[in-house]
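Structure, as structure tokens:
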Amino acid sequence: MASIYCFAYITMNYYANLSFPIIELSQIYINVLNYGNIIVICFILASIGYIYYRAAITAEEKLEQEHQKTNAALIERNQALKLLNQELADAADYVRKILPKPITEGPIRTDWRFIPSTSLGGDAFGYHMVDENHFAIYLIDVSGHGVGAALLSVSVMNVLRSHSLPDTDFKDPEQVLEALNLAFPGEENNDMFFTRLGNKTGYTSFQMGCMKLKNQMDRCGDFKNLQIS
Amino acid sequence: MSAVKTNDQSILDRLYNYAKNIGNSENFEDDFTIVEVAFG
């Protein structure tokens with residue numbers, strides 16, 4: 001707008017000079033006109049500057065508000081992440097706590113190393129005496145790792161620890177796998193390994209299976225009797 | 001199977017270190033679990 005006004009003023013001034021002395025004006029009137037124009041132009045420029053200034057201030061205030069919102073969201077996200085990490089750590093501690101302790105004395109001794117690739121893994125294992133003659137060892141490897149894998153492996157482990165499979169002889173790994181397939185149907189890519197040992201006879205029954213492949217158990221594993229040397 | 005050792009020189013630690021050396025990393029891409037059972 002100021003540019004248009006300046007252009008019109010210069011054009012009129014130029015035209016007035018060309019047409020001089022067609023119109024005779026007093027010098028005072030011309031000075032008033034000139035200074036009046038200068039004042040108007042200055043006012044327009046000042047208005048434009050003020051508008052830009054206010055726009056800049058408003059934009060800066062909005063930017064500051066957005067910055068504060070972003071900071072608040074980041075703080076909230078970090079708190080949620082911290083809480084989630086704490087819960088993951090608690091879950092990892094729980095998984096470690098339900099792992100059996102190494103057995104350092106007696107006819108059967110055990111030791112182990114458990115290193116999950118993330119804070120929670122899909123591996124789990126356990127061993128316990130089923131009765132005075134049978135010692136069960138089981139390794140659970142759920143494909144993948146993280147919360148989902150850990151939840152499934154812990155669920156299976158707790159079922160095995162508590163002998164909570166119905167109508168199942170826990171001395172028979174084949175029955176245990178069958179019962180697990182019924183208890184955890186529809187899971188995919190979750191391999192399980194279960195073994196039992198009759199420690200009086202010196203024989204072990206070895207069973208390996210895949211939860212999702214009940215109908216293809218022959219492909220997943222077989223049943224063997226291995227004599228302990 | 002020989003008796004289980006629990007010191008730093010146990011076969012489990014050697015196996016664990018060997019696996020780390022193979023992977024050339026302190027972290028495994030998958031879970032790493034070893035269970036040793038000794039009978040008798």
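So you can find residues: chains in the structure tokens are A, B, ... in the order shown, residues in each start at 1, and ligands are numbered from 1 in order.
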
Using only C-alpha atoms, I'd like a table of the residues in segment 90-138 of chain A that come within 9 Å of segment 15-27 of chain B; for each, show the closest atom pair and its distance in Å rounded to one decimal, ordered by chain and ascending number, as CSV.
```
residue,atom,partner,partner_atom,distance
A:Arg113,CA,B:Tyr16,CA,7.9
A:Ile115,CA,B:Asn27,CA,8.8
A:Pro116,CA,B:Asn27,CA,8.9
A:Ser117,CA,B:Asn27,CA,6.5
A:Thr118,CA,B:Asn27,CA,8.8
```

Restricting it to N, CA and C atoms, dump the selection as a PDB file, in the first residue's frame.
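Below you can see again23.pdb, which holds the result:
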```pdb
ATOM      1  N   ARG A 113      23.319 -70.367  32.682  1.00  0.00           N
ATOM      2  CA  ARG A 113      23.520 -68.957  32.332  1.00  0.00           C
ATOM      3  C   ARG A 113      22.288 -68.509  31.547  1.00  0.00           C
ATOM      4  N   ILE A 115      20.957 -65.206  29.563  1.00  0.00           N
ATOM      5  CA  ILE A 115      21.269 -63.861  29.062  1.00  0.00           C
ATOM      6  C   ILE A 115      20.243 -63.501  27.986  1.00  0.00           C
ATOM      7  N   PRO A 116      19.171 -62.817  28.377  1.00  0.00           N
ATOM      8  CA  PRO A 116      18.205 -62.388  27.348  1.00  0.00           C
ATOM      9  C   PRO A 116      18.808 -61.298  26.467  1.00  0.00           C
ATOM     10  N   SER A 117      18.411 -61.287  25.210  1.00  0.00           N
ATOM     11  CA  SER A 117      18.966 -60.290  24.283  1.00  0.00           C
ATOM     12  C   SER A 117      18.418 -58.905  24.573  1.00  0.00           C
ATOM     13  N   THR A 118      17.228 -58.834  25.148  1.00  0.00           N
ATOM     14  CA  THR A 118      16.678 -57.550  25.600  1.00  0.00           C
ATOM     15  C   THR A 118      16.362 -57.700  27.072  1.00  0.00           C
TER      16      THR A 118
END
```

Provide as a PyMOL selection string the residues of chain B at most 7 Å from chain A, counting only C-alpha atoms. chain B and resi 4+12+27-40

Only N, CA and C atoms, please: the residues just picked out, written as a short mmCIF file (atom, residue, chain, number, x, y, z; two decimals), in the first residue's frame.
```
data_model
loop_
_atom_site.label_atom_id
_atom_site.label_comp_id
_atom_site.auth_asym_id
_atom_site.auth_seq_id
_atom_site.Cartn_x
_atom_site.Cartn_y
_atom_site.Cartn_z
N VAL B 4 29.36 -80.07 38.20
CA VAL B 4 29.14 -78.68 37.79
C VAL B 4 30.09 -77.77 38.56
N LEU B 12 30.43 -73.36 31.56
CA LEU B 12 29.36 -72.45 31.09
C LEU B 12 29.93 -71.06 30.77
N ASN B 27 26.51 -58.13 23.24
CA ASN B 27 25.08 -58.41 23.23
C ASN B 27 24.75 -59.45 22.17
N PHE B 28 23.82 -60.32 22.52
CA PHE B 28 23.38 -61.33 21.57
C PHE B 28 22.15 -60.84 20.82
N GLU B 29 22.03 -61.34 19.58
CA GLU B 29 20.85 -60.97 18.80
C GLU B 29 19.62 -61.73 19.29
N ASP B 30 19.84 -62.86 19.91
CA ASP B 30 18.73 -63.64 20.44
C ASP B 30 19.07 -64.02 21.88
N ASP B 31 18.06 -64.52 22.57
CA ASP B 31 18.31 -64.93 23.96
C ASP B 31 19.36 -66.04 23.98
N PHE B 32 20.14 -66.02 25.02
CA PHE B 32 21.21 -67.00 25.16
C PHE B 32 21.03 -67.70 26.50
N THR B 33 20.73 -68.98 26.44
CA THR B 33 20.49 -69.73 27.67
C THR B 33 21.26 -71.05 27.61
N ILE B 34 22.00 -71.32 28.66
CA ILE B 34 22.69 -72.60 28.77
C ILE B 34 22.29 -73.23 30.11
N VAL B 35 21.96 -74.50 30.07
CA VAL B 35 21.66 -75.23 31.30
C VAL B 35 22.57 -76.45 31.33
N GLU B 36 23.29 -76.60 32.40
CA GLU B 36 24.17 -77.75 32.56
C GLU B 36 23.61 -78.63 33.67
N VAL B 37 23.49 -79.90 33.38
CA VAL B 37 22.98 -80.84 34.37
C VAL B 37 24.00 -81.95 34.53
N ALA B 38 24.39 -82.22 35.74
CA ALA B 38 25.35 -83.30 36.02
C ALA B 38 24.66 -84.37 36.85
N PHE B 39 24.87 -85.60 36.46
CA PHE B 39 24.24 -86.74 37.15
C PHE B 39 25.31 -87.55 37.87
N GLY B 40 24.93 -88.07 39.01
CA GLY B 40 25.82 -88.98 39.72
C GLY B 40 26.88 -88.27 40.54
#
```

Every residue of segment 17-217 of chain A that DSSP places in strand (DSSP E or B), as an mmCIF file with N, CA and C atoms, in the first residue's frame:
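That gives us states.cif:
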```
data_model
loop_
_atom_site.group_PDB
_atom_site.id
_atom_site.type_symbol
_atom_site.label_atom_id
_atom_site.label_comp_id
_atom_site.auth_asym_id
_atom_site.auth_seq_id
_atom_site.Cartn_x
_atom_site.Cartn_y
_atom_site.Cartn_z
ATOM 1 N N ILE A 108 22.038 -85.020 41.496
ATOM 2 C CA ILE A 108 21.811 -84.220 40.276
ATOM 3 C C ILE A 108 22.201 -82.782 40.587
ATOM 4 N N ARG A 109 23.099 -82.275 39.793
ATOM 5 C CA ARG A 109 23.567 -80.894 40.014
ATOM 6 C C ARG A 109 23.361 -80.088 38.734
ATOM 7 N N THR A 110 23.063 -78.849 38.928
ATOM 8 C CA THR A 110 22.762 -78.010 37.764
ATOM 9 C C THR A 110 23.466 -76.658 37.885
ATOM 10 N N ASP A 111 23.655 -76.075 36.757
ATOM 11 C CA ASP A 111 24.139 -74.704 36.678
ATOM 12 C C ASP A 111 23.603 -74.124 35.381
ATOM 13 N N TRP A 112 23.521 -72.829 35.303
ATOM 14 C CA TRP A 112 22.972 -72.239 34.086
ATOM 15 C C TRP A 112 23.455 -70.808 33.894
ATOM 16 N N ARG A 113 23.319 -70.367 32.682
ATOM 17 C CA ARG A 113 23.520 -68.957 32.332
ATOM 18 C C ARG A 113 22.288 -68.509 31.547
ATOM 19 N N PHE A 114 21.766 -67.369 31.916
ATOM 20 C CA PHE A 114 20.542 -66.868 31.271
ATOM 21 C C PHE A 114 20.805 -65.428 30.861
ATOM 22 N N ILE A 115 20.957 -65.206 29.563
ATOM 23 C CA ILE A 115 21.269 -63.861 29.062
ATOM 24 C C ILE A 115 20.243 -63.501 27.986
ATOM 25 N N ASP A 123 13.166 -66.790 26.256
ATOM 26 C CA ASP A 123 13.692 -68.036 26.815
ATOM 27 C C ASP A 123 13.241 -68.200 28.255
ATOM 28 N N ALA A 124 13.062 -69.426 28.650
ATOM 29 C CA ALA A 124 12.821 -69.747 30.058
ATOM 30 C C ALA A 124 13.183 -71.214 30.227
ATOM 31 N N PHE A 125 13.449 -71.577 31.429
ATOM 32 C CA PHE A 125 13.757 -72.982 31.687
ATOM 33 C C PHE A 125 13.447 -73.286 33.145
ATOM 34 N N GLY A 126 13.432 -74.551 33.438
ATOM 35 C CA GLY A 126 13.197 -74.940 34.820
ATOM 36 C C GLY A 126 13.517 -76.396 35.009
ATOM 37 N N TYR A 127 13.604 -76.799 36.228
ATOM 38 C CA TYR A 127 13.783 -78.213 36.575
ATOM 39 C C TYR A 127 13.291 -78.404 37.997
ATOM 40 N N HIS A 128 12.758 -79.563 38.236
ATOM 41 C CA HIS A 128 12.294 -79.873 39.587
ATOM 42 C C HIS A 128 12.039 -81.364 39.670
ATOM 43 N N MET A 129 11.967 -81.852 40.884
ATOM 44 C CA MET A 129 11.643 -83.259 41.092
ATOM 45 C C MET A 129 10.140 -83.431 40.902
ATOM 46 N N VAL A 130 9.760 -84.302 39.988
ATOM 47 C CA VAL A 130 8.332 -84.606 39.819
ATOM 48 C C VAL A 130 7.872 -85.508 40.959
ATOM 49 N N ASP A 131 8.661 -86.533 41.258
ATOM 50 C CA ASP A 131 8.493 -87.336 42.468
ATOM 51 C C ASP A 131 9.885 -87.806 42.864
ATOM 52 N N HIS A 134 11.692 -89.122 39.699
ATOM 53 C CA HIS A 134 11.670 -88.435 38.399
ATOM 54 C C HIS A 134 12.057 -86.977 38.565
ATOM 55 N N PHE A 135 12.963 -86.574 37.725
ATOM 56 C CA PHE A 135 13.444 -85.193 37.703
ATOM 57 C C PHE A 135 13.114 -84.606 36.333
ATOM 58 N N ALA A 136 12.390 -83.532 36.324
ATOM 59 C CA ALA A 136 11.966 -82.921 35.062
ATOM 60 C C ALA A 136 12.839 -81.705 34.733
ATOM 61 N N ILE A 137 13.240 -81.616 33.497
ATOM 62 C CA ILE A 137 13.979 -80.457 32.998
ATOM 63 C C ILE A 137 13.239 -79.964 31.761
ATOM 64 N N TYR A 138 13.008 -78.685 31.708
ATOM 65 C CA TYR A 138 12.322 -78.169 30.522
ATOM 66 C C TYR A 138 12.942 -76.847 30.088
ATOM 67 N N LEU A 139 13.052 -76.725 28.798
ATOM 68 C CA LEU A 139 13.558 -75.495 28.185
ATOM 69 C C LEU A 139 12.470 -74.940 27.294
ATOM 70 N N ILE A 140 12.180 -73.693 27.446
ATOM 71 C CA ILE A 140 11.131 -73.052 26.650
ATOM 72 C C ILE A 140 11.776 -71.937 25.841
ATOM 73 N N ASP A 141 11.566 -71.998 24.558
ATOM 74 C CA ASP A 141 12.117 -70.947 23.687
ATOM 75 C C ASP A 141 11.002 -70.422 22.812
ATOM 76 N N VAL A 142 10.425 -69.327 23.229
ATOM 77 C CA VAL A 142 9.403 -68.684 22.403
ATOM 78 C C VAL A 142 10.128 -67.840 21.356
ATOM 79 N N ASN A 190 6.204 -70.945 18.241
ATOM 80 C CA ASN A 190 6.694 -71.024 19.610
ATOM 81 C C ASN A 190 7.133 -72.467 19.871
ATOM 82 N N ASP A 191 8.397 -72.682 19.897
ATOM 83 C CA ASP A 191 8.914 -74.037 20.064
ATOM 84 C C ASP A 191 9.116 -74.327 21.543
ATOM 85 N N MET A 192 8.838 -75.565 21.882
ATOM 86 C CA MET A 192 9.040 -75.959 23.270
ATOM 87 C C MET A 192 9.864 -77.232 23.310
ATOM 88 N N PHE A 193 10.561 -77.375 24.381
ATOM 89 C CA PHE A 193 11.433 -78.514 24.568
ATOM 90 C C PHE A 193 11.188 -79.017 25.967
ATOM 91 N N PHE A 194 10.876 -80.260 26.081
ATOM 92 C CA PHE A 194 10.587 -80.788 27.410
ATOM 93 C C PHE A 194 11.299 -82.122 27.552
ATOM 94 N N THR A 195 11.884 -82.335 28.689
ATOM 95 C CA THR A 195 12.553 -83.613 28.907
ATOM 96 C C THR A 195 12.278 -84.091 30.319
ATOM 97 N N ARG A 196 12.246 -85.380 30.474
ATOM 98 C CA ARG A 196 12.109 -85.906 31.836
ATOM 99 C C ARG A 196 13.150 -87.007 32.011
ATOM 100 N N LEU A 197 13.472 -87.236 33.244
ATOM 101 C CA LEU A 197 14.509 -88.209 33.548
ATOM 102 C C LEU A 197 14.045 -89.111 34.672
ATOM 103 N N GLY A 198 14.142 -90.417 34.479
ATOM 104 C CA GLY A 198 13.942 -91.339 35.576
ATOM 105 C C GLY A 198 15.294 -91.615 36.199
ATOM 106 N N TYR A 203 17.501 -93.863 32.883
ATOM 107 C CA TYR A 203 17.009 -93.548 31.543
ATOM 108 C C TYR A 203 16.352 -92.180 31.538
ATOM 109 N N THR A 204 16.454 -91.563 30.432
ATOM 110 C CA THR A 204 15.749 -90.291 30.302
ATOM 111 C C THR A 204 14.803 -90.359 29.114
ATOM 112 N N SER A 205 13.680 -89.767 29.283
ATOM 113 C CA SER A 205 12.760 -89.633 28.156
ATOM 114 C C SER A 205 12.902 -88.218 27.622
ATOM 115 N N PHE A 206 13.034 -88.140 26.355
ATOM 116 C CA PHE A 206 13.338 -86.859 25.726
ATOM 117 C C PHE A 206 12.215 -86.520 24.770
ATOM 118 N N GLN A 207 11.636 -85.376 24.954
ATOM 119 C CA GLN A 207 10.528 -85.003 24.080
ATOM 120 C C GLN A 207 10.711 -83.579 23.612
ATOM 121 N N MET A 208 10.549 -83.388 22.345
ATOM 122 C CA MET A 208 10.683 -82.051 21.788
ATOM 123 C C MET A 208 9.452 -81.772 20.941
ATOM 124 N N GLY A 209 8.916 -80.631 21.064
ATOM 125 C CA GLY A 209 7.708 -80.359 20.305
ATOM 126 C C GLY A 209 7.517 -78.902 20.002
ATOM 127 N N CYS A 210 6.585 -78.663 19.105
ATOM 128 C CA CYS A 210 6.236 -77.290 18.748
ATOM 129 C C CYS A 210 4.763 -77.108 19.058
#
```

Based on DSSP run over this structure's backbone, return all residues of segment 28-220 of chain A in helix (DSSP H, G or I), as an mmCIF file with C-alpha atoms, in the first residue's frame.
```cif
data_model
loop_
_atom_site.group_PDB
_atom_site.id
_atom_site.type_symbol
_atom_site.label_atom_id
_atom_site.label_comp_id
_atom_site.auth_asym_id
_atom_site.auth_seq_id
_atom_site.Cartn_x
_atom_site.Cartn_y
_atom_site.Cartn_z
ATOM 1 C CA ILE A 28 2.964 27.483 1.608
ATOM 2 C CA TYR A 29 0.256 25.265 0.191
ATOM 3 C CA ILE A 30 2.838 23.187 -1.670
ATOM 4 C CA ASN A 31 4.946 22.815 1.476
ATOM 5 C CA VAL A 32 1.914 21.769 3.492
ATOM 6 C CA LEU A 33 1.047 19.266 0.791
ATOM 7 C CA ASN A 34 4.599 17.885 0.705
ATOM 8 C CA TYR A 35 4.998 17.637 4.459
ATOM 9 C CA GLY A 36 1.490 16.240 4.750
ATOM 10 C CA ASN A 37 2.389 13.543 2.245
ATOM 11 C CA ILE A 38 5.599 12.778 4.087
ATOM 12 C CA ILE A 39 3.675 12.485 7.356
ATOM 13 C CA VAL A 40 1.077 10.217 5.758
ATOM 14 C CA ILE A 41 3.803 8.032 4.243
ATOM 15 C CA CYS A 42 5.620 7.867 7.572
ATOM 16 C CA PHE A 43 2.384 6.972 9.300
ATOM 17 C CA ILE A 44 1.689 4.229 6.792
ATOM 18 C CA LEU A 45 5.230 2.871 7.128
ATOM 19 C CA ALA A 46 4.999 3.046 10.904
ATOM 20 C CA SER A 47 1.651 1.242 10.777
ATOM 21 C CA ILE A 48 3.119 -1.450 8.565
ATOM 22 C CA GLY A 49 6.104 -1.772 10.880
ATOM 23 C CA TYR A 50 3.825 -2.012 13.877
ATOM 24 C CA ILE A 51 1.691 -4.639 12.149
ATOM 25 C CA TYR A 52 4.805 -6.665 11.309
ATOM 26 C CA TYR A 53 6.058 -6.189 14.860
ATOM 27 C CA ARG A 54 2.771 -7.373 16.345
ATOM 28 C CA ALA A 55 2.709 -10.303 13.926
ATOM 29 C CA ALA A 56 6.244 -11.211 14.914
ATOM 30 C CA ILE A 57 5.381 -10.933 18.603
ATOM 31 C CA THR A 58 2.274 -13.059 18.113
ATOM 32 C CA ALA A 59 4.229 -15.623 16.125
ATOM 33 C CA GLU A 60 6.912 -15.709 18.791
ATOM 34 C CA GLU A 61 4.312 -16.154 21.507
ATOM 35 C CA LYS A 62 2.695 -18.978 19.555
ATOM 36 C CA LEU A 63 6.103 -20.519 18.968
ATOM 37 C CA GLU A 64 6.859 -20.286 22.667
ATOM 38 C CA GLN A 65 3.515 -21.894 23.483
ATOM 39 C CA GLU A 66 4.194 -24.694 21.004
ATOM 40 C CA HIS A 67 7.673 -25.072 22.477
ATOM 41 C CA GLN A 68 6.200 -25.367 25.965
ATOM 42 C CA LYS A 69 3.635 -27.878 24.725
ATOM 43 C CA THR A 70 6.382 -29.899 23.052
ATOM 44 C CA ASN A 71 8.482 -29.780 26.202
ATOM 45 C CA ALA A 72 5.527 -30.862 28.296
ATOM 46 C CA ALA A 73 4.802 -33.721 25.873
ATOM 47 C CA LEU A 74 8.464 -34.766 25.961
ATOM 48 C CA ILE A 75 8.504 -34.708 29.752
ATOM 49 C CA GLU A 76 5.297 -36.724 29.833
ATOM 50 C CA ARG A 77 6.690 -39.186 27.279
ATOM 51 C CA ASN A 78 9.944 -39.536 29.208
ATOM 52 C CA GLN A 79 8.009 -40.191 32.400
ATOM 53 C CA ALA A 80 5.907 -42.815 30.620
ATOM 54 C CA LEU A 81 9.049 -44.334 29.129
ATOM 55 C CA LYS A 82 10.707 -44.396 32.534
ATOM 56 C CA LEU A 83 7.646 -46.053 34.035
ATOM 57 C CA LEU A 84 7.537 -48.555 31.173
ATOM 58 C CA ASN A 85 11.235 -49.332 31.585
ATOM 59 C CA GLN A 86 10.715 -49.798 35.313
ATOM 60 C CA GLU A 87 7.850 -52.173 34.629
ATOM 61 C CA LEU A 88 9.990 -54.052 32.098
ATOM 62 C CA ALA A 89 12.772 -54.277 34.659
ATOM 63 C CA ASP A 90 10.291 -55.567 37.248
ATOM 64 C CA ALA A 91 9.041 -58.143 34.755
ATOM 65 C CA ALA A 92 12.614 -59.175 33.945
ATOM 66 C CA ASP A 93 13.301 -59.518 37.667
ATOM 67 C CA TYR A 94 10.205 -61.664 38.003
ATOM 68 C CA VAL A 95 11.357 -63.938 35.171
ATOM 69 C CA ARG A 96 14.747 -64.299 36.844
ATOM 70 C CA LYS A 97 13.174 -65.001 40.213
ATOM 71 C CA ILE A 98 11.085 -67.881 38.935
ATOM 72 C CA VAL A 147 7.116 -58.593 26.346
ATOM 73 C CA GLY A 148 4.989 -60.897 24.179
ATOM 74 C CA ALA A 149 7.541 -63.686 24.100
ATOM 75 C CA ALA A 150 8.267 -63.349 27.823
ATOM 76 C CA LEU A 151 4.572 -63.461 28.725
ATOM 77 C CA LEU A 152 4.080 -66.705 26.832
ATOM 78 C CA SER A 153 7.242 -68.370 28.130
ATOM 79 C CA VAL A 154 6.432 -67.369 31.715
ATOM 80 C CA SER A 155 2.871 -68.619 31.335
ATOM 81 C CA VAL A 156 4.082 -72.001 30.089
ATOM 82 C CA MET A 157 6.730 -72.131 32.786
ATOM 83 C CA ASN A 158 4.251 -71.405 35.559
ATOM 84 C CA VAL A 159 1.942 -74.107 34.221
ATOM 85 C CA LEU A 160 4.812 -76.595 34.282
ATOM 86 C CA ARG A 161 6.023 -75.534 37.713
ATOM 87 C CA SER A 162 2.598 -75.768 39.272
ATOM 88 C CA PRO A 173 6.642 -85.529 28.494
ATOM 89 C CA GLU A 174 4.458 -86.623 25.627
ATOM 90 C CA GLN A 175 1.353 -86.128 27.744
ATOM 91 C CA VAL A 176 2.672 -82.778 28.949
ATOM 92 C CA LEU A 177 3.209 -81.561 25.400
ATOM 93 C CA GLU A 178 -0.212 -82.758 24.357
ATOM 94 C CA ALA A 179 -1.765 -80.940 27.297
ATOM 95 C CA LEU A 180 0.240 -77.795 26.564
ATOM 96 C CA ASN A 181 -0.980 -77.853 22.979
ATOM 97 C CA LEU A 182 -4.509 -77.942 24.305
ATOM 98 C CA ALA A 183 -3.849 -75.249 26.905
ATOM 99 C CA LYS A 214 0.344 -80.635 17.030
ATOM 100 C CA ASN A 215 -0.515 -82.509 13.865
ATOM 101 C CA GLN A 216 3.076 -82.422 12.695
ATOM 102 C CA MET A 217 4.720 -83.523 15.889
ATOM 103 C CA ASP A 218 6.774 -86.126 14.030
ATOM 104 C CA ARG A 219 8.434 -83.333 12.116
ATOM 105 C CA CYS A 220 9.060 -81.222 15.179
#
```
